[in-house]
$ cat query_4.txt   # compact mmCIF, C-alpha atoms
# COMPACT_ATOMS: atom_id res chain seq x y z
CA MET Z 2 0.00 0.00 0.00
CA ARG Z 3 1.39 3.40 -0.90
CA PRO Z 4 0.63 6.81 0.56
CA ALA Z 5 -1.84 9.02 -1.24
CA ALA Z 6 -0.42 11.57 -3.62
CA LEU Z 7 -0.07 15.07 -2.25
CA PRO Z 8 -3.37 16.88 -3.07
CA LEU Z 9 -3.25 19.85 -5.40
CA ARG Z 10 -4.90 22.03 -2.76
CA GLU Z 11 -2.09 21.38 -0.29
CA VAL Z 12 0.51 22.20 -2.94
CA ALA Z 13 -1.41 25.40 -3.56
CA VAL Z 14 -1.27 26.25 0.16
CA SER Z 15 2.53 25.84 0.18
CA VAL Z 16 2.91 28.02 -2.92
CA ALA Z 17 0.55 30.59 -1.46
CA ALA Z 18 2.57 30.66 1.78
CA VAL Z 19 5.70 31.52 -0.23
CA VAL Z 20 3.81 34.25 -2.11
CA LEU Z 21 2.54 35.78 1.14
CA ALA Z 22 6.07 35.66 2.57
CA LEU Z 23 7.37 37.51 -0.50
CA LEU Z 24 4.68 40.16 -0.02
CA VAL Z 25 5.76 40.61 3.59
CA GLY Z 26 9.35 40.81 2.39
CA ALA Z 27 8.35 43.50 -0.10
CA VAL Z 28 6.98 45.61 2.74
CA LEU Z 29 10.22 45.15 4.66
CA VAL Z 30 12.26 46.20 1.61
CA ILE Z 31 10.23 49.41 1.44
CA VAL Z 32 10.41 50.32 5.13
CA SER Z 33 14.15 49.57 5.29
CA ASN Z 34 14.95 51.95 2.42
CA ALA Z 35 15.32 55.54 3.67
CA GLU Z 36 14.97 57.07 0.20
CA VAL Z 37 11.72 55.23 -0.44
CA LEU Z 38 10.35 56.20 2.96
CA ALA Z 39 11.09 59.83 2.19
CA THR Z 40 8.76 59.70 -0.83
CA TRP Z 41 5.97 58.39 1.39
CA GLY Z 42 6.30 61.56 3.48
CA TYR Z 43 4.45 63.49 0.77
CA PHE Z 44 2.31 60.60 -0.51
CA LEU Z 45 -0.96 62.54 -0.29
CA ALA Z 46 0.52 65.41 -2.30
CA TYR Z 47 1.91 63.26 -5.11
CA PRO Z 48 1.26 59.48 -4.79
CA PRO Z 49 3.11 58.38 -7.98
CA ASP Z 50 6.53 59.15 -6.47
CA ALA Z 51 6.03 56.82 -3.50
CA LEU Z 52 4.47 54.07 -5.58
CA ALA Z 53 7.18 54.23 -8.25
CA ALA Z 54 10.01 54.30 -5.71
CA SER Z 55 8.50 51.39 -3.79
CA TRP Z 56 8.02 49.33 -6.94
CA THR Z 57 11.58 50.02 -8.08
CA ALA Z 58 13.07 49.07 -4.70
CA VAL Z 59 11.10 45.81 -4.47
CA ALA Z 60 11.66 44.92 -8.13
CA ASP Z 61 15.40 45.56 -7.87
CA ALA Z 62 15.72 43.52 -4.68
CA TYR Z 63 13.77 40.53 -5.92
CA SER Z 64 15.37 40.72 -9.36
CA ALA Z 65 18.81 40.54 -7.74
CA LEU Z 66 17.59 37.66 -5.54
CA PHE Z 67 16.26 35.78 -8.57
CA PHE Z 68 19.26 36.27 -10.82
CA GLY Z 69 21.62 35.60 -7.91
CA ALA Z 70 19.94 32.23 -7.52
CA VAL Z 71 19.20 31.04 -11.08
CA GLY Z 72 20.54 33.75 -13.39
CA GLY Z 73 23.19 31.66 -15.10
CA TRP Z 74 25.15 28.47 -14.66
CA ARG Z 75 27.29 29.60 -11.72
CA PRO Z 76 24.40 31.05 -9.65
CA LEU Z 77 22.36 27.93 -10.40
CA THR Z 78 25.13 25.63 -9.22
CA GLU Z 79 25.47 27.66 -6.02
CA THR Z 80 21.74 27.21 -5.42
CA LEU Z 81 22.16 23.46 -5.82
CA VAL Z 82 25.13 23.48 -3.44
CA GLN Z 83 23.08 25.31 -0.81
CA ALA Z 84 20.13 22.98 -1.34
CA THR Z 85 22.08 19.72 -1.08
CA PRO Z 86 22.36 19.37 2.72
CA LEU Z 87 18.93 20.96 3.20
CA ILE Z 88 17.35 18.22 1.10
CA CYS Z 89 18.96 15.38 3.05
CA ALA Z 90 18.37 16.88 6.49
CA GLY Z 91 14.83 17.83 5.43
CA LEU Z 92 14.19 14.24 4.37
CA GLY Z 93 15.22 13.14 7.86
CA VAL Z 94 12.77 15.54 9.49
CA SER Z 95 10.03 14.56 7.00
CA LEU Z 96 10.45 10.85 7.61
CA ALA Z 97 10.17 11.35 11.36
CA PHE Z 98 7.05 13.47 10.80
CA ARG Z 99 5.45 10.61 8.87
CA ALA Z 100 6.08 8.32 11.84
CA GLY Z 101 4.45 10.81 14.22
CA LEU Z 102 7.70 12.19 15.63
CA PHE Z 103 9.06 15.72 15.84
CA ASN Z 104 12.71 15.45 14.93
CA ILE Z 105 14.07 18.78 16.13
CA GLY Z 106 17.54 17.23 16.33
CA ALA Z 107 18.65 17.31 12.70
CA GLN Z 108 21.26 19.89 13.72
CA GLY Z 109 22.91 17.54 16.22
CA GLN Z 110 22.62 14.57 13.89
CA LEU Z 111 24.21 16.59 11.11
CA ILE Z 112 27.09 17.58 13.41
CA ALA Z 113 27.59 13.95 14.44
CA GLY Z 114 27.67 12.89 10.80
CA ALA Z 115 30.11 15.65 9.85
CA LEU Z 116 32.33 14.74 12.80
CA CYS Z 117 32.56 11.07 11.82
CA ALA Z 118 32.89 11.72 8.08
CA GLY Z 119 35.48 14.45 8.60
CA TRP Z 120 37.61 12.30 10.91
CA VAL Z 121 37.65 9.44 8.41
CA GLY Z 122 38.40 11.98 5.68
CA PHE Z 123 41.61 13.32 7.21
CA ALA Z 124 42.74 10.62 9.64
CA VAL Z 125 42.34 7.46 7.55
CA ASP Z 126 44.46 6.71 4.49
CA LEU Z 127 42.52 4.87 1.80
CA PRO Z 128 42.49 4.72 -2.01
CA VAL Z 129 40.39 7.04 -4.15
CA VAL Z 130 36.67 6.16 -4.32
CA LEU Z 131 36.96 3.75 -1.37
CA HIS Z 132 38.01 6.60 0.89
CA LEU Z 133 35.00 8.70 -0.11
CA CYS Z 134 32.61 5.79 0.28
CA VAL Z 135 33.92 4.92 3.75
CA ALA Z 136 33.77 8.57 4.85
CA VAL Z 137 30.17 8.93 3.65
CA ILE Z 138 29.19 5.69 5.39
CA ALA Z 139 30.85 6.94 8.57
CA GLY Z 140 28.82 10.14 8.37
CA ILE Z 141 25.59 8.21 7.85
CA ALA Z 142 26.45 5.93 10.77
CA GLY Z 143 27.25 8.88 13.05
CA GLY Z 144 23.94 10.57 12.32
CA ALA Z 145 22.04 7.28 12.63
CA LEU Z 146 23.58 6.66 16.05
CA TRP Z 147 22.67 10.16 17.22
CA GLY Z 148 19.09 9.77 16.01
CA GLY Z 149 18.74 6.13 16.99
CA VAL Z 150 19.44 6.95 20.64
CA VAL Z 151 16.38 9.21 20.60
CA GLY Z 152 14.19 6.54 19.01
CA LEU Z 153 15.36 3.92 21.48
CA LEU Z 154 14.75 6.13 24.51
CA LYS Z 155 11.36 7.08 23.12
CA ALA Z 156 10.45 3.43 22.63
CA ARG Z 157 11.81 2.11 25.93
CA THR Z 158 11.08 4.94 28.36
CA GLY Z 159 8.47 7.11 26.65
CA ALA Z 160 10.77 10.14 26.81
CA HIS Z 161 9.57 12.96 24.57
CA GLU Z 162 11.56 13.17 21.35
CA VAL Z 163 11.40 16.98 21.20
CA ILE Z 164 13.22 17.36 24.51
CA LEU Z 165 15.70 14.61 23.65
CA THR Z 166 16.57 15.98 20.23
CA ILE Z 167 16.91 19.57 21.42
CA MET Z 168 19.26 18.56 24.21
CA LEU Z 169 21.30 16.30 21.92
CA ASN Z 170 21.79 19.25 19.57
CA TYR Z 171 23.75 20.97 22.33
CA VAL Z 172 25.58 17.80 23.27
CA ALA Z 173 26.76 17.34 19.67
CA LEU Z 174 27.84 20.97 19.32
CA TYR Z 175 29.77 21.12 22.59
CA LEU Z 176 31.31 17.70 21.95
CA LEU Z 177 32.59 18.96 18.60
CA GLN Z 178 33.88 22.18 20.15
CA TRP Z 179 35.78 20.21 22.81
CA LEU Z 180 37.22 17.67 20.37
CA LEU Z 181 38.50 20.50 18.17
CA THR Z 182 40.72 21.56 21.06
CA THR Z 183 42.23 18.08 21.48
CA ASP Z 184 44.93 16.26 19.54
CA ALA Z 185 42.23 14.00 18.09
CA LEU Z 186 40.83 16.70 15.79
CA GLN Z 187 42.79 19.94 16.13
CA ARG Z 188 45.06 20.76 13.22
CA PRO Z 189 48.74 20.52 14.23
CA GLY Z 190 50.35 23.91 14.73
CA ARG Z 191 47.03 25.71 15.18
CA ASN Z 192 45.53 27.08 18.38
CA ASP Z 193 42.08 27.79 17.00
CA PRO Z 194 39.38 25.06 16.85
CA ILE Z 195 39.87 23.71 13.35
CA SER Z 196 40.66 20.24 12.04
CA PRO Z 197 43.06 19.16 9.30
CA VAL Z 198 41.72 19.42 5.76
CA VAL Z 199 39.93 16.37 4.42
CA ALA Z 200 42.14 14.42 2.00
CA THR Z 201 41.37 14.88 -1.68
CA THR Z 202 40.67 11.15 -1.94
CA ALA Z 203 37.70 11.62 0.41
CA GLN Z 204 36.24 14.71 -1.24
CA PHE Z 205 33.16 14.67 -3.47
CA PRO Z 206 34.06 15.28 -7.12
CA HIS Z 207 33.13 18.77 -8.36
CA TRP Z 208 31.85 20.07 -11.65
CA ALA Z 209 34.69 22.03 -13.22
CA GLY Z 210 34.92 25.62 -12.08
CA THR Z 211 32.03 25.44 -9.60
CA ARG Z 212 31.34 24.36 -6.04
CA LEU Z 213 28.65 21.91 -7.19
CA HIS Z 214 29.64 18.39 -6.19
CA LEU Z 215 28.42 14.82 -6.48
CA GLY Z 216 26.65 15.15 -3.14
CA PHE Z 217 23.70 16.78 -4.93
CA VAL Z 218 23.15 13.61 -6.95
CA VAL Z 219 23.42 11.62 -3.72
CA ALA Z 220 20.73 13.87 -2.19
CA LEU Z 221 18.37 13.14 -5.08
CA ALA Z 222 19.11 9.42 -4.71
CA ALA Z 223 18.34 9.68 -0.99
CA ALA Z 224 14.97 11.26 -1.82
CA ALA Z 225 14.19 8.37 -4.16
CA VAL Z 226 15.13 5.86 -1.45
CA VAL Z 227 12.90 7.60 1.11
CA TRP Z 228 10.03 7.60 -1.39
CA TRP Z 229 10.48 3.89 -1.96
CA LEU Z 230 10.72 3.23 1.77
CA LEU Z 231 7.47 5.06 2.50
CA ALA Z 232 5.52 4.06 -0.59
CA ARG Z 233 6.65 0.54 -1.40
CA SER Z 234 8.04 -1.18 1.69
CA THR Z 235 6.36 -2.92 4.62
CA THR Z 236 8.49 -0.92 7.03
CA GLY Z 237 7.28 2.32 5.44
CA PHE Z 238 3.67 1.21 5.78
CA GLU Z 239 4.25 0.53 9.48
CA LEU Z 240 5.88 3.93 9.96
CA ARG Z 241 2.95 5.69 8.33
CA ALA Z 242 0.41 3.62 10.25
CA VAL Z 243 2.09 4.42 13.56
CA GLY Z 244 2.28 8.08 12.62
CA ALA Z 245 -1.42 8.19 11.74
CA ASN Z 246 -2.66 6.33 14.83
CA PRO Z 247 -0.22 4.50 17.14
CA ASP Z 248 -3.01 2.88 19.16
CA ALA Z 249 -4.65 1.41 16.06
CA ALA Z 250 -1.26 0.26 14.76
CA ARG Z 251 -0.53 -1.45 18.08
CA THR Z 252 -3.93 -3.17 17.98
CA ALA Z 253 -3.12 -4.41 14.48
CA GLY Z 254 0.02 -6.09 15.85
CA MET Z 255 2.61 -3.52 14.84
CA SER Z 256 5.46 -2.67 17.18
CA VAL Z 257 5.15 1.05 17.87
CA GLY Z 258 8.47 1.12 19.73
CA ARG Z 259 10.25 -0.54 16.82
CA ALA Z 260 8.69 1.97 14.40
CA TYR Z 261 9.90 4.89 16.52
CA THR Z 262 13.41 3.47 16.71
CA VAL Z 263 13.62 2.75 12.99
CA ALA Z 264 12.20 6.16 12.09
CA MET Z 265 14.72 8.06 14.19
CA LEU Z 266 17.55 5.79 13.06
CA VAL Z 267 16.83 6.50 9.39
CA ALA Z 268 16.11 10.18 10.06
CA GLY Z 269 19.45 10.53 11.82
CA ALA Z 270 21.19 8.71 8.97
CA LEU Z 271 19.79 11.20 6.46
CA ALA Z 272 20.87 14.17 8.57
CA GLY Z 273 24.28 12.52 9.01
CA LEU Z 274 24.52 12.27 5.23
CA ALA Z 275 23.91 16.03 5.09
CA GLY Z 276 26.81 16.49 7.50
CA ALA Z 277 29.04 14.32 5.34
CA GLN Z 278 28.09 16.40 2.30
CA GLN Z 279 29.12 19.55 4.13
CA VAL Z 280 32.55 18.39 5.26
CA LEU Z 281 33.38 16.30 2.19
CA GLY Z 282 31.94 18.58 -0.47
CA THR Z 283 31.85 22.17 0.75
CA ASP Z 284 33.76 22.93 3.97
CA TYR Z 285 36.69 20.54 4.06
CA PRO Z 286 38.01 21.22 7.57
CA LEU Z 287 35.79 20.64 10.59
CA THR Z 288 34.90 23.76 12.59
CA ASP Z 289 32.26 24.40 15.21
CA GLY Z 290 30.26 26.21 12.52
CA ILE Z 291 30.19 23.28 10.10
CA ALA Z 292 26.43 22.85 10.46
CA GLY Z 293 25.51 26.54 10.27
CA SER Z 294 21.74 26.65 10.62
CA ILE Z 295 21.10 23.80 8.19
CA GLY Z 296 19.60 21.47 10.78
CA PHE Z 297 17.09 24.08 11.92
CA ASP Z 298 16.33 25.23 8.38
CA SER Z 299 15.59 21.62 7.45
CA ILE Z 300 12.55 21.70 9.74
CA THR Z 301 11.15 24.52 7.62
CA VAL Z 302 12.03 22.61 4.46
CA ALA Z 303 10.13 19.56 5.71
CA LEU Z 304 7.09 21.67 6.63
CA LEU Z 305 7.07 23.50 3.31
CA GLY Z 306 7.48 20.18 1.49
CA ARG Z 307 4.50 18.71 3.37
CA ALA Z 308 6.69 15.86 4.65
CA SER Z 309 6.79 14.25 1.20
CA PRO Z 310 10.10 13.32 -0.49
CA ALA Z 311 9.34 15.21 -3.71
CA GLY Z 312 8.01 18.21 -1.80
CA THR Z 313 11.10 18.24 0.40
CA VAL Z 314 13.38 18.30 -2.65
CA VAL Z 315 11.45 21.25 -4.11
CA ALA Z 316 11.43 23.07 -0.76
CA GLY Z 317 15.16 22.45 -0.38
CA LEU Z 318 15.74 24.01 -3.78
CA VAL Z 319 13.61 27.02 -2.84
CA PHE Z 320 15.58 27.61 0.34
CA GLY Z 321 18.83 26.97 -1.49
CA ALA Z 322 17.83 29.68 -3.95
CA LEU Z 323 17.03 32.10 -1.12
CA ASN Z 324 20.41 31.45 0.49
CA ALA Z 325 22.34 31.74 -2.77
CA GLY Z 326 20.47 34.79 -4.06
CA GLY Z 327 20.44 36.66 -0.76
CA LEU Z 328 24.10 37.62 -1.00
CA GLN Z 329 23.71 38.96 -4.52
CA MET Z 330 20.65 40.91 -3.43
CA GLN Z 331 22.67 42.54 -0.67
CA LEU Z 332 25.58 43.36 -2.98
CA GLN Z 333 23.46 44.93 -5.72
CA THR Z 334 20.74 46.70 -3.75
CA GLN Z 335 22.15 46.98 -0.21
CA THR Z 336 19.10 45.08 1.01
CA PRO Z 337 20.01 43.40 4.32
CA LEU Z 338 20.99 39.75 3.92
CA THR Z 339 18.83 38.97 6.93
CA LEU Z 340 15.79 39.57 4.72
CA THR Z 341 16.17 36.03 3.39
CA THR Z 342 16.03 34.75 6.97
CA VAL Z 343 12.88 36.79 7.53
CA LEU Z 344 11.37 35.30 4.37
CA GLN Z 345 12.13 31.79 5.61
CA ALA Z 346 10.66 32.50 9.03
CA THR Z 347 7.56 34.06 7.48
CA ILE Z 348 7.06 31.01 5.29
CA VAL Z 349 7.05 28.90 8.45
CA LEU Z 350 4.44 31.16 10.05
CA PHE Z 351 2.13 30.87 7.06
CA ILE Z 352 2.71 27.12 6.72
CA ALA Z 353 1.74 26.78 10.40
CA ALA Z 354 -1.46 28.74 9.73
CA PRO Z 355 -2.96 27.05 6.65
CA ALA Z 356 -6.43 28.36 7.48
CA LEU Z 357 -5.16 31.93 7.12
CA VAL Z 358 -3.51 31.16 3.78
CA ARG Z 359 -6.65 29.45 2.48
CA ALA Z 360 -8.76 32.41 3.59
CA VAL Z 361 -6.52 34.97 1.85
CA PHE Z 362 -6.40 33.05 -1.44
CA ARG Z 363 -9.85 31.43 -1.10
CA ILE Z 364 -8.47 27.90 -1.26
CA ARG Z 365 -11.05 25.32 -0.19
CA ALA Z 366 -9.87 22.99 2.56
CA ARG Z 367 -9.97 19.22 2.38
CA GLY Z 368 -11.93 17.18 4.85
CA THR Z 369 -8.78 15.62 6.29
CA GLY Z 370 -5.18 16.72 6.10
CA THR Z 371 -1.99 14.82 5.48
CA VAL Z 372 -0.68 13.64 8.84
CA LEU Z 373 2.77 15.02 9.62
CA ALA Z 374 2.91 14.13 13.28
CA LYS Z 375 0.51 13.59 16.16
CA GLY Z 376 -1.91 16.49 16.21
CA TRP Z 377 -0.38 18.21 13.16
CA THR Z 378 -1.84 18.13 9.67
CA ALA Z 379 -1.02 19.87 6.44
$ encode --input "query_4.txt" --output "structure tokens"
Amino acid sequence: MRPAALPLREVAVSVAAVVLALLVGAVLVIVSNAEVLATWGYFLAYPPDALAASWTAVADAYSALFFGAVGGWRPLTETLVQATPLICAGLGVSLAFRAGLFNIGAQGQLIAGALCAGWVGFAVDLPVVLHLCVAVIAGIAGGALWGGVVGLLKARTGAHEVILTIMLNYVALYLLQWLLTTDALQRPGRNDPISPVVATTAQFPHWAGTRLHLGFVVALAAAAVVWWLLARSTTGFELRAVGANPDAARTAGMSVGRAYTVAMLVAGALAGLAGAQQVLGTDYPLTDGIAGSIGFDSITVALLGRASPAGTVVAGLVFGALNAGGLQMQLQTQTPLTLTTVLQATIVLFIAAPALVRAVFRIRARGTGTVLAKGWTA
């Protein structure tokens, strides 16, 4: 049995949420521009000045954002680079959602994966190809271990996964910070917290002249695997059944504890893969900023993608475009780079309030929503 296809109405809600966020961003562009605000001071006397200045400011900002994200081969590849770890970490959050779990720990799982993959990358001497494969597997294993602990504790003790994952985020970060000050990870001759550079034999191959690497193809393959797991496998059916109604699944003879453990194990593995992509494809030395905000952004990606593999890929590309185009927007129009962060946060707000989005765009609601986690529907 496979999950139902994502309804067109729910896709429309996600698109509408992005449109509303862009409208909010347009207002912020206007109010943050002193020259434009000056024209509004005499709006009643001559409205065209204010309207023209506002339109020009918004059009210039969003034009720079668009062309900085997809306006040519190099901007496009940078968008794909930014999207790569977001897709994998987002898939981990999405899979946990489908099993009825809130995986807020993608950040810690990503750090654990980057830590393991990075160590294998610079500390182990292996031939080309084999070295990369072993490093990626180590990253997946590190993330799976970090997520699997949460699933096991949830299954055995009933501990809430939100609290566990949040706390393990801090454990992973501080563990990395400490290890970077020890001989195990700190680069010889350096006093700052940075590891040796990953060996070239363990790095993802790049497209010539760009930062785009093979990890993007791996991310797409991971999405296909997650789709197959949820849509075609018995384990995926159990995960979805437990996510929809754990009591009914237990009555039907399914092991709810096993489903929780498997879900968090796989979710952690996907986030760990994102960490491996970061340290083996983008940022070759380990630092305490290796994860950035990717793990937290992946929650937004999963929500925008409606916890579906295809939707998560599209949402990851959208957020990758925002990240890649934001810098160009700042350079060309002096619009604050933080505007892209505001856009992302606003998207989350509108995704969390689907009734508001439907009311604004007059989108008719379905009778039942797609279950993301206990008590949450899309």
$ residues_near_point --input "query_4.txt" --point "(17.4, 43.7, -1.9)" --cutoff "10 Å" --atoms "only C-alpha atoms" --output "tab-separated table (two decimals) with C-alpha atoms, keeping the file's coordinate frame"
chain	number	residue	atom	x	y	z
Z	26	GLY	CA	9.35	40.81	2.39
Z	27	ALA	CA	8.35	43.50	-0.10
Z	29	LEU	CA	10.22	45.15	4.66
Z	30	VAL	CA	12.26	46.20	1.61
Z	31	ILE	CA	10.23	49.41	1.44
Z	33	SER	CA	14.15	49.57	5.29
Z	34	ASN	CA	14.95	51.95	2.42
Z	58	ALA	CA	13.07	49.07	-4.70
Z	59	VAL	CA	11.10	45.81	-4.47
Z	60	ALA	CA	11.66	44.92	-8.13
Z	61	ASP	CA	15.40	45.56	-7.87
Z	62	ALA	CA	15.72	43.52	-4.68
Z	63	TYR	CA	13.77	40.53	-5.92
Z	64	SER	CA	15.37	40.72	-9.36
Z	65	ALA	CA	18.81	40.54	-7.74
Z	66	LEU	CA	17.59	37.66	-5.54
Z	326	GLY	CA	20.47	34.79	-4.06
Z	327	GLY	CA	20.44	36.66	-0.76
Z	328	LEU	CA	24.10	37.62	-1.00
Z	329	GLN	CA	23.71	38.96	-4.52
Z	330	MET	CA	20.65	40.91	-3.43
Z	331	GLN	CA	22.67	42.54	-0.67
Z	332	LEU	CA	25.58	43.36	-2.98
Z	333	GLN	CA	23.46	44.93	-5.72
Z	334	THR	CA	20.74	46.70	-3.75
Z	335	GLN	CA	22.15	46.98	-0.21
Z	336	THR	CA	19.10	45.08	1.01
Z	337	PRO	CA	20.01	43.40	4.32
Z	338	LEU	CA	20.99	39.75	3.92
Z	340	LEU	CA	15.79	39.57	4.72
Z	341	THR	CA	16.17	36.03	3.39
$ atom_distance --input "query_4.txt" --atom1 "atom CA of Z:Gly269" --atom2 "atom CA of Z:Cys89"
10.0 Å
$ closest_residue --input "query_4.txt" --among "Z:Val315, Z:Thr201, Z:Gly282, Z:Thr301" --to "Z:Leu344" --atoms "only C-alpha atoms"
Z:Thr301
$ residues_around --input "query_4.txt" --residues "Z:Thr347" --least-positions-apart "3" --cutoff "10 Å" --atoms "only C-alpha atoms" --output "list in words"
Ala18, Val19, Leu21, Ala22, Leu23, Val25, Gly26, Thr341, Thr342, Val343, Leu344, Leu350, Phe351, Ile352 and Ala353 of chain Z
$ atom_distance --input "query_4.txt" --atom1 "atom CA of Z:Arg188" --atom2 "atom CA of Z:Leu116"
14.1 Å
$ atom_distance --input "query_4.txt" --atom1 "atom CA of Z:Pro86" --atom2 "atom CA of Z:Ala308"
16.2 Å
$ residues_around --input "query_4.txt" --residues "stretch 137-140 of chain Z" --least-positions-apart "2" --cutoff "6 Å" --atoms "all atoms listed in the file" --output "ChimeraX atom specification"
/Z:114-115,117-118,134-135,142-143,273-274,277
$ write_last_selection --input "query_4.txt" --atoms "C-alpha atoms" --output "mmCIF file, in the frame of the given file"
data_model
loop_
_atom_site.group_PDB
_atom_site.id
_atom_site.type_symbol
_atom_site.label_atom_id
_atom_site.label_comp_id
_atom_site.auth_asym_id
_atom_site.auth_seq_id
_atom_site.Cartn_x
_atom_site.Cartn_y
_atom_site.Cartn_z
ATOM 1 C CA GLY Z 114 27.670 12.890 10.800
ATOM 2 C CA ALA Z 115 30.110 15.650 9.850
ATOM 3 C CA CYS Z 117 32.560 11.070 11.820
ATOM 4 C CA ALA Z 118 32.890 11.720 8.080
ATOM 5 C CA CYS Z 134 32.610 5.790 0.280
ATOM 6 C CA VAL Z 135 33.920 4.920 3.750
ATOM 7 C CA ALA Z 142 26.450 5.930 10.770
ATOM 8 C CA GLY Z 143 27.250 8.880 13.050
ATOM 9 C CA GLY Z 273 24.280 12.520 9.010
ATOM 10 C CA LEU Z 274 24.520 12.270 5.230
ATOM 11 C CA ALA Z 277 29.040 14.320 5.340
#
$ residues_around --input "query_4.txt" --residues "stretch 106-108 of chain Z" --least-positions-apart "5" --cutoff "10 Å" --atoms "all atoms listed in the file" --output "count of residues only"
42
$ closest_residue --input "query_4.txt" --among "Z:Met255, Z:Ile88, Z:Val319, Z:Val361" --to "Z:Gln345" --atoms "only C-alpha atoms"
Z:Val319
$ residues_around --input "query_4.txt" --residues "Z:Arg212" --least-positions-apart "6" --cutoff "9 Å" --atoms "only C-alpha atoms" --output "VMD selection string"
chain Z and resid 75 78 to 79 82 282 to 283
$ closest_residue --input "query_4.txt" --among "Z:Ser15, Z:Thr252, Z:Thr202, Z:Gln279" --to "Z:Asp126" --atoms "only C-alpha atoms"
Z:Thr202
$ residues_near_point --input "query_4.txt" --point "(4.8, 0.2, 3.6)" --cutoff "12 Å" --atoms "all atoms listed in the file" --output "ChimeraX atom specification"
/Z:2-4,99-100,227-243,260
$ closest_residue --input "query_4.txt" --among "Z:Arg359, Z:His214, Z:Arg259, Z:Lys155" --to "Z:Ala84" --atoms "only C-alpha atoms"
Z:His214
$ residues_around --input "query_4.txt" --residues "Z:Asp248" --least-positions-apart "6" --cutoff "12 Å" --atoms "all atoms listed in the file" --output "list in words"
Gly101, Ala242, Gly254, Met255, Ser256, Val257, Gly258 and Lys375 of chain Z
